[in-house]
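Shown below: input.txt, with compact mmCIF, C-alpha atoms and all ligand atoms.
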# COMPACT_ATOMS: atom_id res chain seq x y z
CA MET A 1 33.37 7.46 -8.86
CA SER A 2 34.42 11.07 -9.33
CA GLY A 3 32.24 13.48 -7.44
CA ALA A 4 32.02 11.12 -4.48
CA ALA A 5 34.50 10.17 -1.79
CA SER A 6 37.20 7.93 -3.28
CA PRO A 7 37.16 4.32 -2.13
CA PRO A 8 39.76 3.35 0.46
CA VAL A 9 43.05 2.08 -0.94
CA ASN A 10 42.56 -1.48 0.22
CA TRP A 11 39.11 -2.90 0.03
CA ASP A 12 37.67 -6.38 -0.48
CA ARG A 13 37.16 -6.67 -4.23
CA SER A 14 35.83 -10.21 -4.25
CA GLY A 15 32.05 -9.78 -4.40
CA LEU A 16 29.60 -12.30 -3.00
CA PRO A 17 30.26 -16.05 -3.18
CA GLY A 18 28.72 -17.83 -6.17
CA TRP A 19 26.33 -19.98 -4.11
CA THR A 20 24.40 -16.88 -2.98
CA TYR A 21 22.96 -16.51 -6.52
CA SER A 22 21.06 -19.80 -6.54
CA SER A 23 20.46 -20.96 -2.97
CA ARG A 24 16.82 -21.77 -2.26
CA GLU A 25 17.37 -21.48 1.49
CA LEU A 26 19.11 -18.13 1.19
CA PHE A 27 16.22 -16.91 -0.94
CA ASP A 28 13.79 -17.71 1.90
CA LEU A 29 16.06 -15.96 4.37
CA GLU A 30 16.25 -12.87 2.12
CA LEU A 31 12.47 -12.74 1.84
CA ALA A 32 12.24 -12.73 5.62
CA THR A 33 15.11 -10.39 6.46
CA LEU A 34 15.00 -7.99 3.50
CA PHE A 35 11.85 -7.88 1.46
CA ARG A 36 9.31 -8.36 4.21
CA THR A 37 10.97 -5.78 6.46
CA HIS A 38 12.24 -3.08 4.08
CA TRP A 39 10.33 -0.31 2.35
CA GLN A 40 8.96 -1.26 -1.04
CA LEU A 41 7.87 1.20 -3.70
CA ALA A 42 4.27 0.35 -4.66
CA GLY A 43 3.57 3.30 -6.99
CA HIS A 44 2.92 7.03 -7.02
CA VAL A 45 0.05 8.98 -5.50
CA SER A 46 -0.99 9.97 -9.02
CA ASP A 47 -1.66 6.29 -9.83
CA LEU A 48 -4.71 6.46 -7.57
CA PRO A 49 -6.13 9.99 -7.68
CA GLU A 50 -9.80 9.26 -6.81
CA PRO A 51 -11.45 7.63 -3.78
CA GLY A 52 -11.73 3.90 -4.53
CA ASP A 53 -8.68 3.84 -6.84
CA TYR A 54 -6.22 1.14 -5.84
CA ILE A 55 -2.89 -0.43 -6.75
CA CYS A 56 -1.62 -3.84 -5.69
CA PHE A 57 1.88 -4.87 -4.77
CA ASP A 58 3.07 -8.46 -4.24
CA ILE A 59 6.46 -9.59 -3.01
CA GLY A 60 7.54 -12.94 -1.58
CA HIS A 61 4.69 -14.37 0.45
CA GLU A 62 3.15 -10.95 1.00
CA ARG A 63 0.58 -9.05 -1.02
CA ALA A 64 -0.80 -5.58 -0.42
CA VAL A 65 -3.46 -3.26 -1.72
CA VAL A 66 -3.08 0.52 -1.48
CA ILE A 67 -6.41 2.33 -1.79
CA ARG A 68 -7.56 5.94 -1.59
CA GLY A 69 -10.29 6.48 0.98
CA GLN A 70 -13.42 8.61 0.77
CA ASP A 71 -11.49 11.07 2.95
CA GLY A 72 -8.73 11.30 0.31
CA ARG A 73 -6.19 9.44 2.44
CA LEU A 74 -4.11 6.58 1.14
CA ARG A 75 -4.08 3.41 3.22
CA ALA A 76 -2.39 0.07 2.67
CA PHE A 77 -3.70 -3.32 3.71
CA HIS A 78 -2.77 -6.94 3.35
CA ASN A 79 -4.71 -8.03 0.27
CA LEU A 80 -6.07 -10.98 2.18
CA CYS A 81 -9.75 -11.49 2.90
CA ARG A 82 -10.33 -12.17 6.59
CA HIS A 83 -12.86 -14.88 5.77
CA ARG A 84 -10.81 -17.45 3.85
CA GLY A 85 -7.80 -15.48 2.75
CA THR A 86 -8.32 -14.92 -0.96
CA ARG A 87 -7.38 -11.65 -2.64
CA VAL A 88 -9.88 -8.92 -1.94
CA VAL A 89 -8.95 -7.06 -5.13
CA ALA A 90 -7.48 -9.00 -8.01
CA ASP A 91 -6.12 -6.55 -10.58
CA ARG A 92 -2.74 -4.84 -10.47
CA ARG A 93 -4.62 -1.54 -10.41
CA GLY A 94 -8.23 -0.55 -10.59
CA HIS A 95 -11.17 1.20 -9.02
CA CYS A 96 -13.78 0.06 -6.50
CA ASN A 97 -17.23 1.58 -6.22
CA LYS A 98 -18.19 2.16 -2.59
CA ALA A 99 -16.39 -0.95 -1.26
CA MET A 100 -13.82 -3.65 -1.93
CA ILE A 101 -15.86 -6.79 -2.60
CA CYS A 102 -14.13 -10.12 -2.13
CA PRO A 103 -14.61 -12.29 -5.24
CA PHE A 104 -14.92 -15.53 -3.21
CA HIS A 105 -18.02 -15.09 -1.00
CA GLY A 106 -18.65 -11.38 -1.33
CA TRP A 107 -17.48 -9.92 1.96
CA ALA A 108 -17.33 -6.15 1.53
CA TYR A 109 -14.69 -3.86 3.03
CA ASN A 110 -14.75 -0.09 3.31
CA PHE A 111 -11.81 1.85 1.90
CA ASP A 112 -10.58 2.38 5.46
CA GLY A 113 -10.30 -1.41 5.78
CA THR A 114 -13.24 -1.95 8.13
CA LEU A 115 -15.65 -4.74 7.37
CA ARG A 116 -18.70 -3.28 5.68
CA GLY A 117 -20.89 -6.28 5.06
CA VAL A 118 -20.94 -10.06 5.13
CA ALA A 119 -22.99 -12.22 2.77
CA GLU A 120 -25.45 -14.41 4.70
CA ALA A 121 -24.41 -12.59 7.87
CA ASP A 122 -26.79 -14.60 10.04
CA THR A 123 -24.66 -17.72 9.40
CA PHE A 124 -21.86 -16.17 11.45
CA PRO A 125 -21.74 -15.16 15.09
CA ASP A 126 -21.68 -11.38 15.54
CA LEU A 127 -18.55 -10.10 13.80
CA ASP A 128 -16.77 -7.04 15.12
CA ARG A 129 -16.42 -4.91 11.97
CA VAL A 130 -13.12 -3.38 13.04
CA ALA A 131 -11.54 -6.54 14.46
CA TRP A 132 -12.45 -8.42 11.26
CA GLY A 133 -11.33 -5.62 8.97
CA LEU A 134 -8.36 -5.85 6.61
CA LYS A 135 -5.01 -5.88 8.34
CA PRO A 136 -3.11 -2.62 7.84
CA VAL A 137 0.29 -2.35 6.19
CA GLU A 138 2.65 0.50 7.01
CA LEU A 139 2.62 3.25 4.36
CA GLU A 140 4.78 6.31 3.77
CA VAL A 141 4.61 8.82 0.93
CA TRP A 142 7.91 10.43 -0.08
CA LEU A 143 7.67 13.13 -2.77
CA GLY A 144 4.63 11.43 -4.25
CA PHE A 145 6.10 7.93 -4.18
CA VAL A 146 4.10 5.42 -2.16
CA PHE A 147 6.22 3.10 -0.05
CA ILE A 148 4.86 0.22 1.99
CA ARG A 149 6.43 -2.11 4.53
CA PHE A 150 4.91 -5.41 5.58
CA VAL A 151 6.74 -5.83 8.86
CA ALA A 152 8.29 -2.97 10.80
CA SER A 153 12.02 -3.31 11.32
CA GLY A 154 14.95 -1.18 12.39
CA GLN A 155 14.99 0.47 8.97
CA PRO A 156 14.40 4.23 9.34
CA PRO A 157 11.53 6.03 7.58
CA VAL A 158 11.98 6.65 3.84
CA ALA A 159 12.09 10.40 4.47
CA GLU A 160 15.12 9.89 6.68
CA LEU A 161 16.85 7.40 4.37
CA LEU A 162 16.43 9.68 1.36
CA ALA A 163 16.64 13.05 3.14
CA ARG A 164 19.93 13.91 1.48
CA TYR A 165 18.33 13.58 -1.96
CA GLU A 166 15.02 15.24 -1.23
CA ALA A 167 15.80 18.73 -2.52
CA GLU A 168 17.18 17.36 -5.78
CA ALA A 169 14.27 14.96 -6.35
CA ALA A 170 11.84 17.79 -5.62
CA ALA A 171 13.61 19.95 -8.21
CA TYR A 172 12.91 17.20 -10.76
CA GLY A 173 9.21 17.57 -9.93
CA ALA A 174 8.84 14.06 -8.50
CA ALA A 175 5.84 14.93 -6.35
CA ASP A 176 3.82 16.42 -9.20
CA VAL A 177 4.24 13.95 -12.06
CA VAL A 178 1.39 11.87 -13.46
CA PRO A 179 1.31 8.34 -14.91
CA THR A 180 1.95 7.70 -18.58
CA GLY A 181 -0.50 5.56 -20.51
CA ASP A 182 1.71 2.51 -20.15
CA GLY A 183 1.05 1.95 -16.43
CA PHE A 184 3.45 -0.42 -14.71
CA TRP A 185 5.75 -2.43 -16.91
CA THR A 186 7.00 -5.86 -15.89
CA ASP A 187 9.54 -8.26 -17.32
CA GLU A 188 10.68 -11.61 -16.02
CA ILE A 189 14.31 -12.67 -16.03
CA ALA A 190 15.66 -16.12 -15.10
CA VAL A 191 18.30 -15.05 -12.58
CA ASN A 192 18.54 -14.32 -8.88
CA TRP A 193 17.49 -10.76 -7.98
CA LYS A 194 21.04 -9.90 -6.82
CA ALA A 195 22.43 -10.67 -10.27
CA VAL A 196 20.17 -7.93 -11.65
CA ARG A 197 21.09 -5.49 -8.88
CA ASP A 198 24.81 -6.20 -9.31
CA VAL A 199 24.72 -5.14 -12.96
CA ASP A 200 22.68 -2.05 -12.17
CA ASN A 201 24.85 -1.01 -9.24
CA GLU A 202 27.90 0.02 -11.22
CA GLY A 203 28.60 2.28 -14.17
CA TYR A 204 31.92 0.71 -15.16
CA HIS A 205 30.09 -1.25 -17.88
CA VAL A 206 28.33 1.74 -19.47
CA ARG A 207 31.14 2.50 -21.91
CA GLN A 208 31.20 -1.02 -23.34
CA ALA A 209 27.68 -2.34 -22.87
CA HIS A 210 25.40 0.67 -23.41
CA PRO A 211 26.22 2.62 -26.58
CA ALA A 212 23.29 5.00 -26.19
CA LEU A 213 23.82 5.69 -22.50
CA HIS A 214 27.51 6.17 -23.09
CA ASP A 215 26.81 8.67 -25.84
CA LEU A 216 24.34 10.44 -23.60
CA TYR A 217 26.44 10.72 -20.45
CA GLY A 218 29.17 8.11 -20.40
CA THR A 219 32.16 10.38 -19.89
CA ALA A 220 30.60 12.20 -16.95
CA TYR A 221 28.81 9.33 -15.20
CA HIS A 222 29.55 8.47 -11.60
CA ASP A 223 28.13 6.27 -8.85
CA GLU A 224 28.21 7.25 -5.23
CA PRO A 225 28.59 4.41 -2.73
CA PHE A 226 25.70 2.95 -0.79
CA GLU A 227 25.61 4.63 2.59
CA ARG A 228 22.96 4.19 5.27
CA GLY A 229 20.63 2.32 2.94
CA ALA A 230 20.70 4.58 -0.10
CA ALA A 231 22.91 5.66 -2.98
CA ARG A 232 22.94 8.15 -5.83
CA SER A 233 24.31 8.05 -9.38
CA GLU A 234 24.49 10.89 -11.84
CA GLY A 235 24.99 11.07 -15.59
CA ARG A 236 25.54 14.62 -16.76
CA PHE A 237 25.02 14.88 -20.53
CA ASN A 238 28.07 14.90 -22.78
CA ASP A 239 28.65 17.90 -25.01
CA GLY A 240 30.39 16.08 -27.83
CA PRO A 241 28.87 14.60 -30.99
CA SER A 242 26.82 11.45 -30.74
CA ARG A 243 26.75 8.55 -33.20
CA LEU A 244 23.15 7.67 -32.32
CA TRP A 245 20.21 9.62 -33.67
CA SER A 246 18.06 9.00 -30.58
CA VAL A 247 20.69 10.53 -28.33
CA ARG A 248 21.37 13.40 -30.76
CA ALA A 249 17.67 14.16 -31.01
CA TYR A 250 17.13 13.89 -27.26
CA ARG A 251 20.00 16.19 -26.38
CA SER A 252 19.04 18.72 -29.04
CA ILE A 253 15.50 19.19 -27.72
CA ILE A 254 15.60 18.51 -24.01
CA GLY A 255 17.35 21.70 -22.97
CA ASP A 256 14.63 23.87 -24.53
CA THR A 257 11.62 21.76 -23.69
CA SER A 258 12.09 20.67 -20.09
CA PRO A 259 10.15 22.76 -17.56
CA LEU A 260 12.89 22.18 -14.98
CA ALA A 261 15.70 24.48 -13.86
CA PRO A 262 18.95 24.38 -15.88
CA ALA A 263 20.76 22.15 -13.37
CA GLN A 264 18.15 19.42 -13.85
CA ARG A 265 17.89 19.83 -17.63
CA GLY A 266 21.38 18.46 -18.17
CA ALA A 267 21.51 15.21 -16.22
CA TRP A 268 19.86 11.91 -15.38
CA VAL A 269 20.03 11.13 -11.68
CA TYR A 270 19.30 7.78 -10.03
CA ILE A 271 18.40 7.37 -6.37
CA ALA A 272 18.72 3.81 -5.08
CA LEU A 273 17.04 2.56 -1.92
CA PHE A 274 18.33 -0.67 -0.43
CA PRO A 275 17.62 -3.43 -1.25
CA ASN A 276 15.80 -3.35 -4.60
CA THR A 277 14.48 0.05 -5.69
CA VAL A 278 15.78 2.78 -8.00
CA ILE A 279 14.09 6.10 -8.77
CA GLY A 280 15.18 7.74 -12.03
CA LEU A 281 15.02 11.54 -12.30
CA TYR A 282 15.13 12.80 -15.90
CA PRO A 283 14.42 16.27 -17.33
CA ASP A 284 11.47 14.80 -19.27
CA SER A 285 10.09 12.25 -16.80
CA VAL A 286 10.41 10.50 -13.47
CA THR A 287 10.71 6.73 -13.38
CA TYR A 288 11.30 3.90 -11.02
CA TYR A 289 12.29 0.26 -11.34
CA GLN A 290 12.73 -2.55 -8.87
CA GLU A 291 13.46 -6.25 -8.63
CA ILE A 292 10.76 -8.50 -7.22
CA PRO A 293 12.31 -11.87 -6.33
CA LEU A 294 10.10 -14.75 -7.56
CA ASP A 295 12.35 -17.63 -6.61
CA ALA A 296 16.06 -18.23 -6.15
CA GLU A 297 16.67 -17.95 -9.89
CA ARG A 298 13.74 -15.93 -11.19
CA THR A 299 13.10 -12.20 -10.83
CA LEU A 300 10.32 -9.89 -11.92
CA GLN A 301 11.57 -6.49 -13.02
CA ARG A 302 8.85 -3.91 -12.47
CA GLY A 303 8.67 -0.18 -13.00
CA ALA A 304 6.74 2.81 -14.27
CA VAL A 305 7.26 6.10 -16.09
CA TYR A 306 5.63 9.36 -14.99
CA ARG A 307 5.42 12.55 -17.02
CA HIS A 308 5.16 16.20 -16.21
CA ARG A 309 1.57 17.32 -15.88
CA ASP A 310 1.70 19.93 -18.65
CA GLU A 311 3.65 18.20 -21.34
CA SER A 312 4.33 19.95 -24.63
CA ARG A 313 4.60 17.96 -27.84
CA ALA A 314 8.35 18.49 -27.84
CA LEU A 315 8.65 17.27 -24.26
CA ARG A 316 6.56 14.24 -25.13
CA LEU A 317 8.98 13.49 -27.95
CA ALA A 318 11.89 13.85 -25.51
CA ARG A 319 10.18 11.39 -23.16
CA TYR A 320 9.68 8.96 -26.04
CA LEU A 321 13.39 9.18 -26.82
CA SER A 322 14.55 8.74 -23.23
CA GLY A 323 12.20 5.75 -22.91
CA ARG A 324 13.76 4.26 -26.03
CA ILE A 325 17.26 4.68 -24.59
CA ASP A 326 16.07 3.08 -21.34
CA ARG A 327 14.48 0.11 -23.12
CA ASP A 328 17.69 -0.57 -25.06
CA THR A 329 19.65 -0.32 -21.81
CA LEU A 330 17.33 -2.77 -20.06
CA GLU A 331 17.76 -5.34 -22.82
CA GLU A 332 21.52 -4.92 -22.87
CA ASP A 333 21.66 -5.36 -19.09
CA GLN A 334 19.48 -8.48 -19.08
CA MET A 335 21.95 -10.49 -21.16
CA LEU A 336 24.77 -9.46 -18.82
CA CYS A 337 22.72 -10.50 -15.78
CA VAL A 338 22.10 -13.94 -17.29
CA TRP A 339 25.73 -14.51 -18.24
CA SER A 340 27.03 -13.36 -14.83
CA ALA A 341 24.58 -15.60 -12.99
CA GLU A 342 25.33 -18.61 -15.21
CA ALA A 343 29.02 -18.19 -14.50
CA THR A 344 28.58 -18.78 -10.77
CA LYS A 345 27.81 -22.45 -11.56
CA SER A 346 30.70 -23.07 -13.92
CA SER A 347 33.64 -25.28 -12.88
CA ALA A 348 35.84 -22.36 -13.95
CA TYR A 349 34.18 -19.85 -11.62
CA ASP A 350 36.63 -18.48 -9.14
CA GLY A 351 34.85 -15.38 -7.84
CA VAL A 352 35.17 -11.86 -9.26
CA ILE A 353 37.48 -8.89 -8.90
CA LEU A 354 35.96 -5.43 -8.68
CA SER A 355 37.35 -2.11 -9.96
CA ASP A 356 37.31 1.11 -7.99
CA LEU A 357 34.50 2.03 -10.41
CA GLU A 358 32.48 -0.86 -8.97
CA TYR A 359 32.80 0.35 -5.41
CA GLY A 360 29.06 1.14 -5.35
CA LEU A 361 28.43 -2.56 -5.91
CA LYS A 362 30.78 -3.44 -3.06
CA THR A 363 28.95 -1.11 -0.68
CA PHE A 364 25.63 -2.66 -1.74
CA HIS A 365 27.10 -6.06 -0.88
CA ASP A 366 28.24 -4.64 2.47
CA HIS A 367 24.61 -3.80 3.27
CA LEU A 368 23.67 -7.37 2.39
CA ARG A 369 26.50 -8.78 4.51
CA GLU A 370 25.24 -6.79 7.45
CA LYS A 371 21.59 -7.80 7.07
CA VAL A 372 22.15 -11.40 5.99
CA PRO A 373 25.57 -12.33 7.43
CA VAL A 374 25.45 -15.86 6.04
CA VAL A 375 26.35 -14.43 2.59
CA CYS A 376 29.88 -13.93 3.93
CA LEU A 377 30.46 -17.70 3.98
CA PRO A 378 32.47 -18.98 1.02
CA GLU A 379 30.41 -22.19 0.83
CA GLU A 380 26.68 -22.69 1.23
CA PRO A 381 25.78 -23.84 4.74
CA GLY A 382 23.75 -27.01 5.12
CA ALA A 383 20.00 -26.75 4.54
CA GLU A 384 19.25 -27.51 8.18
CA ASP A 385 21.55 -24.72 9.32
CA MET A 386 19.78 -22.29 6.99
CA ARG A 387 16.35 -23.42 8.12
CA GLN A 388 17.35 -22.73 11.71
CA GLN A 389 18.47 -19.22 10.76
CA LEU A 390 15.13 -18.65 9.07
CA ALA A 391 13.26 -19.95 12.08
CA ALA A 392 15.25 -17.53 14.28
CA VAL A 393 14.25 -14.62 12.01
CA ASP A 394 10.62 -15.72 12.04
CA ARG A 395 10.68 -15.85 15.82
CA GLY A 396 11.94 -12.25 15.72
S1 LIG B 401 -12.73 -15.49 1.20
FE1 LIG B 401 -13.43 -13.49 1.01
S2 LIG B 401 -15.54 -13.64 1.30
FE2 LIG B 401 -14.85 -15.65 1.59
FE FE B 402 23.64 -1.40 -17.29

Do you think you could lay out the structure here as structure tokens?
Ligand code: FES
Ligand SMILES: [Fe+2]
Amino acid sequence: MSGAASPPVNWDRSGLPGWTYSSRELFDLELATLFRTHWQLAGHVSDLPEPGDYICFDIGHERAVVIRGQDGRLRAFHNLCRHRGTRVVADRRGHCNKAMICPFHGWAYNFDGTLRGVAEADTFPDLDRVAWGLKPVELEVWLGFVFIRFVASGQPPVAELLARYEAEAAAYGAADVVPTGDGFWTDEIAVNWKAVRDVDNEGYHVRQAHPALHDLYGTAYHDEPFERGAARSEGRFNDGPSRLWSVRAYRSIIGDTSPLAPAQRGAWVYIALFPNTVIGLYPDSVTYYQEIPLDAERTLQRGAVYRHRDESRALRLARYLSGRIDRDTLEEDQMLCVWSAEATKSSAYDGVILSDLEYGLKTFHDHLREKVPVVCLPEEPGAEDMRQQLAAVDRG
């Protein structure tokens, strides 16, 4: 926590009640109040450089396609054919020639979403090509990252939420990076999305659980609390000897190979956007990862790695090494997520107690408590009560 304001002397260290990690009704409420109405990171502008290039993004009951128009502009739409509702584009990413063609009956949509053509058009009354176009989804680009939002809410624009980190992220070259060959990675984990976020939201466990990360930056790592929908963590590289060859090799080459300024060559920085997105800024690459909730106890972890445009062989090696450290970290975290989530159902479970070093996690929970106040209740409310809350959200 050093480097950030110290937590207050007395704060609630108890975390969220156990029921919030497996409630089906709460899951539905979270989809409606968080994931449908908060900015989601769909990719990077460099994922779709040419007109007709697209990426898809699904979350909860919503699915979107982001496509580059003939005019070079990015637009996002509900990936929902206006005829019978099937997906207009099916792949996670791809390219359309001239139009998006629905695979069901062949309706064609221009890249600006307007209806271009209808198979057997004379079997329909006259269709207004704009009115029957794809429905737009809000889109904002922040330093190259493409954010979408399915339903507008009181959440400010991304540029405002992340304004305090913009200069630093720009110094890491976030706007200019390009995809690596791997594309998006995904991994499924059998726990509630908050169990994943809880582990990621604190660095107290780095010393014990992540040997490589600890060797890389453990002694100088700190998390800043979540404030106004965003948070920052920084791991400045240790100077001392490392037991792990990957860390030794990474640290020995990164300082000389990174094209960034000295301040950025010596640290990994993470920018978190509530509720489920983290951007990683490294001297060799820019990454992101996020949790996509699949059901109350299943989560898709999704992310991507971007490289600097002109990458030397040495920098490529550095990126390979940092990716290796990240993969080990992901695996180490997954076991901890599973064990923590399992515990909430044990007869011995009596809540948790958080350290000052887990204050970032507490402030993340505070955001949840504000947006979904029912998580403050020690016991799960009845299903009917929860359904009424959901209906109230749906009514707006
Ligand atoms: S559902 Fe798309 S053309 Fe019929
Ligand atoms: Fe971790």

**Prompt:** Between A:Ser285, A:Ser346, A:Thr186, A:Ser23, which is the closest to Thr257 in chain A once you count all atoms listed in the file?
**Reply:**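 Using all atoms listed in the file, the shortest distance to Thr257 in chain A belongs to A:Ser285.
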
**Prompt:** So, counting all atoms listed in the file, which residue among A:Arg232, A:Ile189, A:Cys56, A:Val130 is closest to Gly117 in chain A?
**Reply:**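 Ranking A:Arg232, A:Ile189, A:Cys56, A:Val130 by distance to Gly117 in chain A, first place goes to A:Val130.
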
**Asked** So what do you get for CA of Thr33 in chain A versus CA of Gly154 in chain A, distance-wise?
**Response**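 Separating CA of Thr33 in chain A from CA of Gly154 in chain A is a distance of 11.0 Å.
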
**Request:** Give the residue list for ligand LIG 401 (chain B) at 9 Å, counting all atoms listed in the file, as a list in words, sorted by chain and then by residue number.
**Result:**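 Counting all atoms listed in the file, the residues within 9 Å of ligand LIG 401 (chain B) come out as Leu80, Cys81, Arg82, His83, Arg84, Gly85, Thr86, Arg87, Val88, Ile101, Cys102, Pro103, Phe104, His105, Gly106, Trp107, Ala108, Val118 and Ala119 of chain A.
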
Using all atoms listed in the file, determine which residues fall within 7 Å of ligand FE 402 (chain B), then list them as a compact mmCIF listing (two decimals) with C-alpha atoms, in the coordinates of the input.
# COMPACT_ATOMS: atom_id res chain seq x y z
CA VAL A 199 24.72 -5.14 -12.96
CA ASP A 200 22.68 -2.05 -12.17
CA GLY A 203 28.60 2.28 -14.17
CA HIS A 205 30.09 -1.25 -17.88
CA VAL A 206 28.33 1.74 -19.47
CA ALA A 209 27.68 -2.34 -22.87
CA HIS A 210 25.40 0.67 -23.41
CA THR A 329 19.65 -0.32 -21.81
CA GLU A 332 21.52 -4.92 -22.87
CA ASP A 333 21.66 -5.36 -19.09

Would you mind listing, for every residue of range 229-327 of chain A within 10 Å of range 355-364 of chain A, the two atoms forming the shortest contact and the distance between them in Å to one decimal, using all atoms listed in the file, sorted by chain and ascending residue number, as CSV?
residue,atom,partner,partner_atom,distance
A:Gly229,CA,A:Phe364,CA,8.5
A:Ala230,CA,A:Phe364,CA,8.9
A:Ala231,CA,A:Gly360,CA,8.0
A:Arg232,CA,A:Gly360,CA,9.3
A:Ser233,CA,A:Gly360,CA,9.3
A:Phe274,CA,A:Phe364,CA,7.7
A:Pro275,CA,A:Phe364,CA,8.1

**Request:** For CA of Gly15 in chain A and CA of Asp366 in chain A, determine how far apart the two atoms are, in Å to one decimal place.
**Result:**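 Taking CA of Gly15 in chain A and CA of Asp366 in chain A, their separation equals 9.4 Å.
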
Between range 233-260 of chain A and range 296-316 of chain A, at 9 Å or less, what are the per-residue closest atom pairs and their distances in Å? Count only C-alpha atoms, order by chain and rising residue number, and return it as CSV.
residue,atom,partner,partner_atom,distance
A:Ile253,CA,A:Ala314,CA,7.2
A:Ile254,CA,A:Leu315,CA,7.1
A:Asp256,CA,A:Ala314,CA,8.9
A:Thr257,CA,A:Leu315,CA,5.4
A:Ser258,CA,A:Leu315,CA,6.4
A:Pro259,CA,A:His308,CA,8.4

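Between CA of Pro125 in chain A and CA of Gly113 in chain A the separation is 20.2 Å.
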
**Asked** Within 8 Å of (-7.3, 14.4, -1.3), only C-alpha atoms: residues as a ChimeraX atom specification?
**Response** /A:49-50,71-73

**Prompt:** Can you tell me, as an MDAnalysis selection string, which residues sit within 9 Å of (27.8, 18.4, -22.2) in the file's frame, using all atoms listed in the file?
**Reply:** chainID A and resid 216:217 220 236:240 266

**Message:** Taking all atoms listed in the file into account, name the residue in A:Trp193, A:Trp19, A:Phe111, A:Phe77 that is nearest to Pro51 in chain A.
**Reply:** A:Phe111

Residues near Arg36 in chain A, cut-off 12 Å, all atoms listed in the file, skip fewer than 4 positions along chain, as a CSV table (one decimal) with C-alpha atoms, keeping the file's coordinate frame:
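The resulting file, result-v4.csv, is shown below:
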chain,number,residue,atom,x,y,z
A,28,ASP,CA,13.8,-17.7,1.9
A,29,LEU,CA,16.1,-16.0,4.4
A,30,GLU,CA,16.2,-12.9,2.1
A,31,LEU,CA,12.5,-12.7,1.8
A,32,ALA,CA,12.2,-12.7,5.6
A,40,GLN,CA,9.0,-1.3,-1.0
A,58,ASP,CA,3.1,-8.5,-4.2
A,59,ILE,CA,6.5,-9.6,-3.0
A,60,GLY,CA,7.5,-12.9,-1.6
A,61,HIS,CA,4.7,-14.4,0.4
A,62,GLU,CA,3.2,-11.0,1.0
A,63,ARG,CA,0.6,-9.0,-1.0
A,64,ALA,CA,-0.8,-5.6,-0.4
A,137,VAL,CA,0.3,-2.4,6.2
A,138,GLU,CA,2.6,0.5,7.0
A,148,ILE,CA,4.9,0.2,2.0
A,149,ARG,CA,6.4,-2.1,4.5
A,150,PHE,CA,4.9,-5.4,5.6
A,151,VAL,CA,6.7,-5.8,8.9
A,152,ALA,CA,8.3,-3.0,10.8
A,153,SER,CA,12.0,-3.3,11.3
A,155,GLN,CA,15.0,0.5,9.0
A,275,PRO,CA,17.6,-3.4,-1.2
A,292,ILE,CA,10.8,-8.5,-7.2
A,293,PRO,CA,12.3,-11.9,-6.3
A,393,VAL,CA,14.2,-14.6,12.0
A,394,ASP,CA,10.6,-15.7,12.0

**Item:** Top pick for closest residue to Pro211 in chain A, considering A:Leu162, A:Leu281, A:Asp326, A:Tyr172 and counting only C-alpha atoms
**Value:**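 Checking each candidate against Pro211 in chain A, we get A:Asp326 as the closest.
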
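Among A:Val9, A:Val45, A:Leu26, A:Leu273, the residue with the shortest atom-to-atom distance to Leu161 in chain A, counting all atoms listed in the file, is A:Leu273.
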
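With all atoms listed in the file as the atoms that count, the minimum distance from Ala169 in chain A to the choices A:Val191, A:Leu317, A:Leu260, A:Ala121 is reached by A:Leu260.
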
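For Trp142 in chain A, the set of protein, DNA and RNA residues having any atom at most 12 Å away, when counting all atoms listed in the file and skipping those fewer than 3 positions along the same chain, is A:Trp39, A:Gln40, A:Leu41, A:Ala42, A:Gly43, A:His44, A:Val45, A:Leu139, A:Phe145, A:Val146, A:Phe147, A:Ile148, A:Pro157, A:Val158, A:Ala159, A:Glu160, A:Leu161, A:Leu162, A:Ala163, A:Tyr165, A:Glu166, A:Ala167, A:Ala169, A:Ala170, A:Ala174, A:Ala175, A:Asp176, A:Ile279.
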